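Participant: Have a peek at protein-v6.pdb (PDB, C-alpha atoms).
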ATOM      1  CA  MET A 598     119.059 -53.563 -27.524  1.00  0.00           C
ATOM      2  CA  ARG A 599     118.043 -51.734 -30.651  1.00  0.00           C
ATOM      3  CA  ILE A 600     115.850 -53.348 -33.311  1.00  0.00           C
ATOM      4  CA  SER A 601     116.921 -52.556 -36.769  1.00  0.00           C
ATOM      5  CA  PRO A 602     114.447 -50.863 -39.164  1.00  0.00           C
ATOM      6  CA  LEU A 603     114.603 -53.943 -41.328  1.00  0.00           C
ATOM      7  CA  CYS A 604     113.353 -56.169 -38.522  1.00  0.00           C
ATOM      8  CA  ARG A 605     110.654 -53.677 -37.631  1.00  0.00           C
ATOM      9  CA  GLY A 606     109.548 -53.651 -41.272  1.00  0.00           C
ATOM     10  CA  ALA A 607     109.500 -57.450 -41.386  1.00  0.00           C
ATOM     11  CA  GLY A 608     107.455 -57.616 -38.202  1.00  0.00           C
ATOM     12  CA  SER A 609     104.954 -55.142 -39.568  1.00  0.00           C
ATOM     13  CA  ALA A 610     104.639 -57.150 -42.730  1.00  0.00           C
ATOM     14  CA  VAL A 611     103.983 -60.331 -40.725  1.00  0.00           C
ATOM     15  CA  LEU A 612     101.307 -58.576 -38.649  1.00  0.00           C
ATOM     16  CA  LEU A 613      99.699 -57.155 -41.771  1.00  0.00           C
ATOM     17  CA  ALA A 614      99.663 -60.553 -43.485  1.00  0.00           C
ATOM     18  CA  THR A 615      98.169 -62.188 -40.406  1.00  0.00           C
ATOM     19  CA  ALA A 616      95.436 -59.553 -40.222  1.00  0.00           C
ATOM     20  CA  LEU A 617      94.599 -60.006 -43.895  1.00  0.00           C
ATOM     21  CA  LEU A 618      94.496 -63.789 -43.497  1.00  0.00           C
ATOM     22  CA  LEU A 619      92.116 -63.581 -40.553  1.00  0.00           C
ATOM     23  CA  ALA A 620      89.884 -61.105 -42.399  1.00  0.00           C
ATOM     24  CA  GLY A 621      89.822 -63.410 -45.407  1.00  0.00           C
ATOM     25  CA  CYS A 622      88.803 -66.398 -43.278  1.00  0.00           C
ATOM     26  CA  GLY A 623      86.023 -64.399 -41.665  1.00  0.00           C
ATOM     27  CA  GLN A 624      84.732 -63.326 -45.071  1.00  0.00           C
ATOM     28  CA  ALA A 625      84.842 -66.919 -46.361  1.00  0.00           C
ATOM     29  CA  ALA A 626      82.782 -68.186 -43.407  1.00  0.00           C
ATOM     30  CA  SER A 627      80.194 -65.478 -43.973  1.00  0.00           C
ATOM     31  CA  THR A 628      79.946 -66.333 -47.656  1.00  0.00           C
ATOM     32  CA  ASP A 629      79.395 -70.035 -46.901  1.00  0.00           C
ATOM     33  CA  THR A 630      76.594 -69.175 -44.483  1.00  0.00           C
ATOM     34  CA  ASP A 631      74.848 -66.950 -47.019  1.00  0.00           C
ATOM     35  CA  THR A 632      75.087 -69.625 -49.692  1.00  0.00           C
ATOM     36  CA  ALA A 633      73.609 -72.252 -47.404  1.00  0.00           C
ATOM     37  CA  ALA A 634      70.750 -69.977 -46.448  1.00  0.00           C
ATOM     38  CA  SER A 635      70.075 -68.759 -49.988  1.00  0.00           C
ATOM     39  CA  GLY A 636      67.937 -71.835 -50.774  1.00  0.00           C
ATOM     40  CA  VAL A 637      65.674 -71.370 -47.725  1.00  0.00           C
ATOM     41  CA  THR A 638      62.558 -69.195 -47.942  1.00  0.00           C
ATOM     42  CA  THR A 639      61.159 -67.836 -44.719  1.00  0.00           C
ATOM     43  CA  SER A 640      57.898 -66.047 -44.055  1.00  0.00           C
ATOM     44  CA  SER A 641      56.573 -63.980 -41.201  1.00  0.00           C
ATOM     45  CA  ALA A 642      52.932 -64.702 -42.173  1.00  0.00           C
ATOM     46  CA  PRO A 643      50.828 -66.217 -39.344  1.00  0.00           C
ATOM     47  CA  VAL A 644      50.067 -69.933 -39.431  1.00  0.00           C
ATOM     48  CA  THR A 645      46.380 -70.708 -39.929  1.00  0.00           C
ATOM     49  CA  THR A 646      44.901 -73.813 -38.342  1.00  0.00           C
ATOM     50  CA  SER A 647      41.548 -75.461 -39.021  1.00  0.00           C
ATOM     51  CA  ALA A 648      39.110 -77.056 -36.603  1.00  0.00           C
ATOM     52  CA  ALA A 649      37.490 -79.173 -39.331  1.00  0.00           C
ATOM     53  CA  PRO A 650      37.159 -82.860 -38.385  1.00  0.00           C
ATOM     54  CA  THR A 651      39.584 -85.312 -39.934  1.00  0.00           C
ATOM     55  CA  THR A 652      36.689 -87.515 -41.037  1.00  0.00           C
ATOM     56  CA  GLY A 653      34.996 -84.922 -43.238  1.00  0.00           C
ATOM     57  CA  GLN A 654      34.938 -81.376 -44.508  1.00  0.00           C
ATOM     58  CA  GLY A 655      33.726 -79.170 -41.695  1.00  0.00           C
ATOM     59  CA  ASP A 656      32.952 -76.177 -43.924  1.00  0.00           C
ATOM     60  CA  GLU A 657      30.062 -77.879 -45.727  1.00  0.00           C
ATOM     61  CA  PRO A 658      26.595 -76.793 -44.578  1.00  0.00           C
ATOM     62  CA  ALA A 659      24.188 -79.289 -43.060  1.00  0.00           C
ATOM     63  CA  PRO A 660      21.036 -80.228 -45.002  1.00  0.00           C
ATOM     64  CA  THR A 661      17.974 -78.220 -43.976  1.00  0.00           C
ATOM     65  CA  GLY A 662      14.970 -79.632 -45.859  1.00  0.00           C
ATOM     66  CA  THR A 663      12.919 -82.831 -45.952  1.00  0.00           C
ATOM     67  CA  ALA A 664      10.982 -82.236 -49.198  1.00  0.00           C
ATOM     68  CA  ALA A 665      11.411 -84.583 -52.156  1.00  0.00           C
ATOM     69  CA  ALA A 666      14.434 -83.783 -54.344  1.00  0.00           C
ATOM     70  CA  SER A 667      14.896 -84.641 -58.022  1.00  0.00           C
ATOM     71  CA  GLY A 668      17.350 -84.120 -60.857  1.00  0.00           C
ATOM     72  CA  ASP A 669      17.856 -85.218 -64.467  1.00  0.00           C
ATOM     73  CA  PRO A 670      20.609 -87.481 -65.847  1.00  0.00           C
ATOM     74  CA  ALA A 671      23.489 -85.721 -67.604  1.00  0.00           C
ATOM     75  CA  GLY A 672      25.483 -87.546 -70.273  1.00  0.00           C
ATOM     76  CA  ALA A 673      24.573 -90.862 -68.673  1.00  0.00           C
ATOM     77  CA  GLU A 674      26.066 -93.828 -70.505  1.00  0.00           C
ATOM     78  CA  GLY A 675      26.514 -97.338 -69.170  1.00  0.00           C
ATOM     79  CA  LEU A 676      25.684 -96.382 -65.582  1.00  0.00           C
ATOM     80  CA  THR A 677      25.420 -99.284 -63.137  1.00  0.00           C
ATOM     81  CA  VAL A 678      25.478 -99.032 -59.334  1.00  0.00           C
ATOM     82  CA  THR A 679      28.531-100.952 -58.114  1.00  0.00           C
ATOM     83  CA  SER A 680      28.899-100.009 -54.444  1.00  0.00           C
ATOM     84  CA  VAL A 681      27.653 -97.801 -51.624  1.00  0.00           C
ATOM     85  CA  ARG A 682      29.444 -96.343 -48.616  1.00  0.00           C
ATOM     86  CA  VAL A 683      28.693 -94.119 -45.644  1.00  0.00           C
ATOM     87  CA  GLY A 684      31.060 -91.331 -44.554  1.00  0.00           C
ATOM     88  CA  GLU A 685      31.123 -89.196 -41.417  1.00  0.00           C
ATOM     89  CA  HIS A 686      31.048 -85.398 -41.538  1.00  0.00           C
ATOM     90  CA  GLU A 687      30.667 -82.906 -38.721  1.00  0.00           C
ATOM     91  CA  GLU A 688      27.056 -81.970 -39.497  1.00  0.00           C
ATOM     92  CA  PHE A 689      25.819 -84.979 -41.479  1.00  0.00           C
ATOM     93  CA  GLN A 690      26.424 -88.507 -42.695  1.00  0.00           C
ATOM     94  CA  ARG A 691      27.151 -88.885 -46.407  1.00  0.00           C
ATOM     95  CA  VAL A 692      25.837 -91.844 -48.403  1.00  0.00           C
ATOM     96  CA  VAL A 693      27.672 -92.287 -51.702  1.00  0.00           C
ATOM     97  CA  PHE A 694      26.417 -94.508 -54.519  1.00  0.00           C
ATOM     98  CA  GLU A 695      29.303 -95.389 -56.853  1.00  0.00           C
ATOM     99  CA  LEU A 696      28.469 -96.137 -60.490  1.00  0.00           C
ATOM    100  CA  ALA A 697      30.355 -97.629 -63.409  1.00  0.00           C
ATOM    101  CA  GLY A 698      29.961 -95.734 -66.685  1.00  0.00           C
ATOM    102  CA  THR A 699      30.130 -92.054 -67.568  1.00  0.00           C
ATOM    103  CA  GLY A 700      28.062 -88.961 -66.885  1.00  0.00           C
ATOM    104  CA  THR A 701      25.782 -88.592 -63.900  1.00  0.00           C
ATOM    105  CA  PRO A 702      22.494 -90.281 -62.998  1.00  0.00           C
ATOM    106  CA  GLY A 703      19.212 -88.536 -62.387  1.00  0.00           C
ATOM    107  CA  TRP A 704      17.453 -88.979 -59.060  1.00  0.00           C
ATOM    108  CA  LEU A 705      14.251 -88.823 -57.102  1.00  0.00           C
ATOM    109  CA  VAL A 706      14.829 -88.938 -53.347  1.00  0.00           C
ATOM    110  CA  GLU A 707      11.946 -88.755 -50.881  1.00  0.00           C
ATOM    111  CA  TYR A 708      10.582 -90.231 -47.675  1.00  0.00           C
ATOM    112  CA  VAL A 709       8.105 -93.085 -48.177  1.00  0.00           C
ATOM    113  CA  ASP A 710       5.777 -94.781 -45.725  1.00  0.00           C
ATOM    114  CA  ALA A 711       6.586 -98.391 -46.613  1.00  0.00           C
ATOM    115  CA  PRO A 712       9.454 -99.596 -48.849  1.00  0.00           C
ATOM    116  CA  SER A 713       8.383-102.026 -51.574  1.00  0.00           C
ATOM    117  CA  SER A 714      10.297-103.687 -54.399  1.00  0.00           C
ATOM    118  CA  GLN A 715       9.869-101.864 -57.704  1.00  0.00           C
ATOM    119  CA  GLY A 716       9.591-105.099 -59.683  1.00  0.00           C
ATOM    120  CA  SER A 717       7.174-107.128 -57.568  1.00  0.00           C
ATOM    121  CA  GLY A 718       5.720-104.671 -55.077  1.00  0.00           C
ATOM    122  CA  ALA A 719       6.777-106.966 -52.238  1.00  0.00           C
ATOM    123  CA  PRO A 720       7.516-105.224 -48.923  1.00  0.00           C
ATOM    124  CA  VAL A 721      11.200-104.614 -48.157  1.00  0.00           C
ATOM    125  CA  ASP A 722      12.548-104.680 -44.602  1.00  0.00           C
ATOM    126  CA  VAL A 723      14.665-101.575 -43.958  1.00  0.00           C
ATOM    127  CA  PRO A 724      16.076-100.682 -40.510  1.00  0.00           C
ATOM    128  CA  GLY A 725      15.135 -97.330 -39.017  1.00  0.00           C
ATOM    129  CA  GLU A 726      12.143 -95.205 -38.057  1.00  0.00           C
ATOM    130  CA  ALA A 727      11.826 -93.481 -41.454  1.00  0.00           C
ATOM    131  CA  TYR A 728      12.649 -94.557 -45.010  1.00  0.00           C
ATOM    132  CA  LEU A 729      14.401 -92.342 -47.506  1.00  0.00           C
ATOM    133  CA  GLN A 730      13.825 -93.863 -50.949  1.00  0.00           C
ATOM    134  CA  VAL A 731      16.572 -93.200 -53.500  1.00  0.00           C
ATOM    135  CA  VAL A 732      15.683 -93.736 -57.164  1.00  0.00           C
ATOM    136  CA  LEU A 733      18.612 -93.384 -59.565  1.00  0.00           C
ATOM    137  CA  THR A 734      17.472 -92.800 -63.157  1.00  0.00           C
ATOM    138  CA  GLY A 735      19.384 -93.253 -66.400  1.00  0.00           C
ATOM    139  CA  THR A 736      20.964 -96.513 -65.202  1.00  0.00           C
ATOM    140  CA  SER A 737      21.342 -99.738 -67.197  1.00  0.00           C
ATOM    141  CA  TYR A 738      21.236-103.461 -66.546  1.00  0.00           C
ATOM    142  CA  PRO A 739      24.630-104.966 -65.742  1.00  0.00           C
ATOM    143  CA  TYR A 740      24.426-107.351 -68.703  1.00  0.00           C
ATOM    144  CA  GLU A 741      24.252-104.257 -70.915  1.00  0.00           C
ATOM    145  CA  THR A 742      27.193-102.470 -69.338  1.00  0.00           C
ATOM    146  CA  GLY A 743      29.434-105.367 -68.341  1.00  0.00           C
ATOM    147  CA  ALA A 744      29.774-103.948 -64.817  1.00  0.00           C
ATOM    148  CA  GLU A 745      29.143-105.975 -61.669  1.00  0.00           C
ATOM    149  CA  GLU A 746      26.058-104.522 -60.021  1.00  0.00           C
ATOM    150  CA  LEU A 747      25.708-104.123 -56.275  1.00  0.00           C
ATOM    151  CA  GLY A 748      23.867-107.112 -54.827  1.00  0.00           C
ATOM    152  CA  ARG A 749      20.234-106.840 -53.812  1.00  0.00           C
ATOM    153  CA  GLY A 750      19.569-106.645 -50.061  1.00  0.00           C
ATOM    154  CA  PRO A 751      21.181-104.895 -47.047  1.00  0.00           C
ATOM    155  CA  VAL A 752      24.417-103.217 -48.083  1.00  0.00           C
ATOM    156  CA  ALA A 753      25.347-101.062 -45.077  1.00  0.00           C
ATOM    157  CA  THR A 754      24.551-100.469 -41.439  1.00  0.00           C
ATOM    158  CA  GLY A 755      25.526 -97.586 -39.230  1.00  0.00           C
ATOM    159  CA  THR A 756      25.008 -95.470 -36.159  1.00  0.00           C
ATOM    160  CA  GLY A 757      23.690 -91.943 -36.235  1.00  0.00           C
ATOM    161  CA  PRO A 758      20.948 -90.719 -38.558  1.00  0.00           C
ATOM    162  CA  VAL A 759      21.672 -93.520 -41.054  1.00  0.00           C
ATOM    163  CA  GLU A 760      20.725 -96.863 -39.505  1.00  0.00           C
ATOM    164  CA  GLY A 761      20.986 -98.994 -42.633  1.00  0.00           C
ATOM    165  CA  ILE A 762      20.827 -99.108 -46.435  1.00  0.00           C
ATOM    166  CA  VAL A 763      19.044-101.678 -48.594  1.00  0.00           C
ATOM    167  CA  TYR A 764      19.511-101.955 -52.381  1.00  0.00           C
ATOM    168  CA  ASP A 765      16.808-103.236 -54.752  1.00  0.00           C
ATOM    169  CA  ALA A 766      18.705-103.537 -58.062  1.00  0.00           C
ATOM    170  CA  THR A 767      17.832-102.130 -61.504  1.00  0.00           C
ATOM    171  CA  PHE A 768      14.521-102.278 -63.330  1.00  0.00           C
ATOM    172  CA  GLU A 769      13.558-100.524 -66.574  1.00  0.00           C
ATOM    173  CA  GLY A 770      16.169 -97.784 -66.490  1.00  0.00           C
ATOM    174  CA  GLN A 771      16.166 -97.014 -62.795  1.00  0.00           C
ATOM    175  CA  SER A 772      17.858 -98.368 -59.683  1.00  0.00           C
ATOM    176  CA  VAL A 773      16.303 -98.136 -56.221  1.00  0.00           C
ATOM    177  CA  ALA A 774      17.660 -98.135 -52.675  1.00  0.00           C
ATOM    178  CA  TRP A 775      16.386 -97.117 -49.259  1.00  0.00           C
ATOM    179  CA  ILE A 776      18.233 -95.301 -46.520  1.00  0.00           C
ATOM    180  CA  GLY A 777      16.754 -96.148 -43.140  1.00  0.00           C
ATOM    181  CA  THR A 778      17.015 -93.162 -40.785  1.00  0.00           C
ATOM    182  CA  THR A 779      16.256 -92.303 -37.160  1.00  0.00           C
ATOM    183  CA  GLY A 780      13.386 -90.076 -38.325  1.00  0.00           C
ATOM    184  CA  GLN A 781      12.464 -87.723 -41.153  1.00  0.00           C
ATOM    185  CA  VAL A 782      15.658 -85.724 -40.791  1.00  0.00           C
ATOM    186  CA  PRO A 783      16.780 -83.150 -43.399  1.00  0.00           C
ATOM    187  CA  PHE A 784      18.723 -84.347 -46.443  1.00  0.00           C
ATOM    188  CA  GLN A 785      20.249 -83.022 -49.647  1.00  0.00           C
ATOM    189  CA  VAL A 786      21.272 -84.671 -52.925  1.00  0.00           C
ATOM    190  CA  SER A 787      23.968 -84.043 -55.533  1.00  0.00           C
ATOM    191  CA  ALA A 788      25.528 -85.897 -58.461  1.00  0.00           C
ATOM    192  CA  LEU A 789      29.248 -86.070 -59.278  1.00  0.00           C
ATOM    193  CA  SER A 790      31.227 -87.338 -62.260  1.00  0.00           C
ATOM    194  CA  ASP A 791      34.711 -88.814 -62.869  1.00  0.00           C
ATOM    195  CA  PRO A 792      33.841 -91.209 -61.313  1.00  0.00           C
ATOM    196  CA  SER A 793      30.053 -91.173 -61.483  1.00  0.00           C
ATOM    197  CA  ARG A 794      28.411 -90.880 -58.060  1.00  0.00           C
ATOM    198  CA  LEU A 795      25.149 -89.933 -56.415  1.00  0.00           C
ATOM    199  CA  VAL A 796      25.575 -88.322 -53.002  1.00  0.00           C
ATOM    200  CA  VAL A 797      22.890 -88.121 -50.310  1.00  0.00           C
ATOM    201  CA  ASP A 798      23.736 -86.135 -47.186  1.00  0.00           C
ATOM    202  CA  VAL A 799      21.616 -86.928 -44.110  1.00  0.00           C
ATOM    203  CA  ALA A 800      21.667 -84.366 -41.303  1.00  0.00           C
ATOM    204  CA  LYS A 801      22.729 -85.170 -37.760  1.00  0.00           C
ATOM    205  CA  VAL A 802      19.900 -83.836 -35.651  1.00  0.00           C
ATOM    206  CA  PRO A 803      20.286 -83.774 -31.813  1.00  0.00           C
TER     207      PRO A 803
END
Transcribe the structure of this file into structure tokens.
Facilitator:
Amino acid sequence: MRISPLCRGAGSAVLLATALLLAGCGQAASTDTDTAASGVTTSSAPVTTSAAPTTGQGDEPAPTGTAAASGDPAGAEGLTVTSVRVGEHEEFQRVVFELAGTGTPGWLVEYVDAPSSQGSGAPVDVPGEAYLQVVLTGTSYPYETGAEELGRGPVATGTGPVEGIVYDATFEGQSVAWIGTTGQVPFQVSALSDPSRLVVDVAKVP
């Protein structure tokens, strides 16, 4: 049986239309994929991981000295010690004195033989084998600042180089505390603002 030229032409047209339709569908799928991926940014850069402990910043150096350390107040206004806390770092324990007010306190931090109250001279019982006395200068009485001062007496205990902390309140522009330690281990001191803090790092010595 012979197929007329007209039928052959119609068949060719159907095949051509089918081919175009399939090509169009393939192009549409590719376009959708590109659009979906256009909002995703990829990188071949290596992933960097850190071995720093989750409880502190492992890249901070440990204290190395035991000599007395001092610093002057800076913009101190209405400073009153309100709390103290102890934090764990890889190489040291960090004691942070929080203060109400603005600016930063001055300090004199040194080991003393026997803690005694700055007002009366009475002996103060502090846990530990050595006593790191912390004098914050440029502070004010709570009735002057309206802040609630940290209560006098033991305010923290711990394990490691810091065995306990005792606070002695404010007297004539300075506030005193003692950090009881396992021995005369190295320490370092710094002051921070916004909020106002005095930081004493006490080294972990094997």
Participant: Applied to this file, what does the PyMOL selection byres ((chain A and resi 717-731) around 9) return in terms of residues, put as a ChimeraX atom specification?
Facilitator: /A:704-716,732-733,750-751,754,758-763,765,772-782,797
Participant: List the spatial neighbours of Gly675 of chain A as a list in words - criterion: any atom at most 10 Å away, all atoms listed in the file, same-chain residues fewer than 3 positions off excluded.
Facilitator: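 Contacts, in chain order: Gly672, Leu696, Ala697, Gly698, Thr699, Gly700, Gly735, Thr736, Ser737, Tyr738, Pro739, Glu741, Thr742, Gly743 and Ala744 of chain A.
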Participant: So what does the PyMOL selection byres ((chain A and resi 659) around 9) actually pick up in this one, as number ranges by chain?
Facilitator: A: 657-658, 660-661, 687-689, 783-785, 798-801
Participant: Residues as selected, C-alpha atoms, written as a PDB file, in the coordinates of the input, can you do that?
Facilitator:
ATOM      1  CA  GLU A 657      30.062 -77.879 -45.727  1.00  0.00           C
ATOM      2  CA  PRO A 658      26.595 -76.793 -44.578  1.00  0.00           C
ATOM      3  CA  PRO A 660      21.036 -80.228 -45.002  1.00  0.00           C
ATOM      4  CA  THR A 661      17.974 -78.220 -43.976  1.00  0.00           C
ATOM      5  CA  GLU A 687      30.667 -82.906 -38.721  1.00  0.00           C
ATOM      6  CA  GLU A 688      27.056 -81.970 -39.497  1.00  0.00           C
ATOM      7  CA  PHE A 689      25.819 -84.979 -41.479  1.00  0.00           C
ATOM      8  CA  PRO A 783      16.780 -83.150 -43.399  1.00  0.00           C
ATOM      9  CA  PHE A 784      18.723 -84.347 -46.443  1.00  0.00           C
ATOM     10  CA  GLN A 785      20.249 -83.022 -49.647  1.00  0.00           C
ATOM     11  CA  ASP A 798      23.736 -86.135 -47.186  1.00  0.00           C
ATOM     12  CA  VAL A 799      21.616 -86.928 -44.110  1.00  0.00           C
ATOM     13  CA  ALA A 800      21.667 -84.366 -41.303  1.00  0.00           C
ATOM     14  CA  LYS A 801      22.729 -85.170 -37.760  1.00  0.00           C
TER      15      LYS A 801
END
Participant: Work out how far apart atom CA of Pro803 of chain A and atom CA of Ala788 of chain A are and give it in Å to one decimal.
Facilitator: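 Those two atoms sit 27.2 Å apart.
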Participant: Can you measure atom CA of Val681 of chain A to atom CA of Thr756 of chain A for me? One decimal in Å is fine.
Facilitator: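 Separation between atom CA of Val681 of chain A and atom CA of Thr756 of chain A: 15.9 Å.
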Participant: One number please: atom CA of Asp791 of chain A to atom CA of Gly662 of chain A, in Å, one decimal.
Facilitator: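 Straight-line distance from atom CA of Asp791 of chain A to atom CA of Gly662 of chain A works out to 27.6 Å.
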Participant: Between A:Val678, A:Gly770, A:Gly757, A:Val693, single out the one closest to Ser787 of chain A, counting only C-alpha atoms.
Facilitator: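 The answer is A:Val693, which sits nearest to Ser787 of chain A.
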Participant: For a quick check of understanding, using only C-alpha atoms, which of A:Thr677, A:Gln771, A:Arg794, A:Val802 has the smallest distance to Phe694 of chain A?
Facilitator: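 Of A:Thr677, A:Gln771, A:Arg794, A:Val802, the one nearest Phe694 of chain A is A:Arg794, counting only C-alpha atoms.
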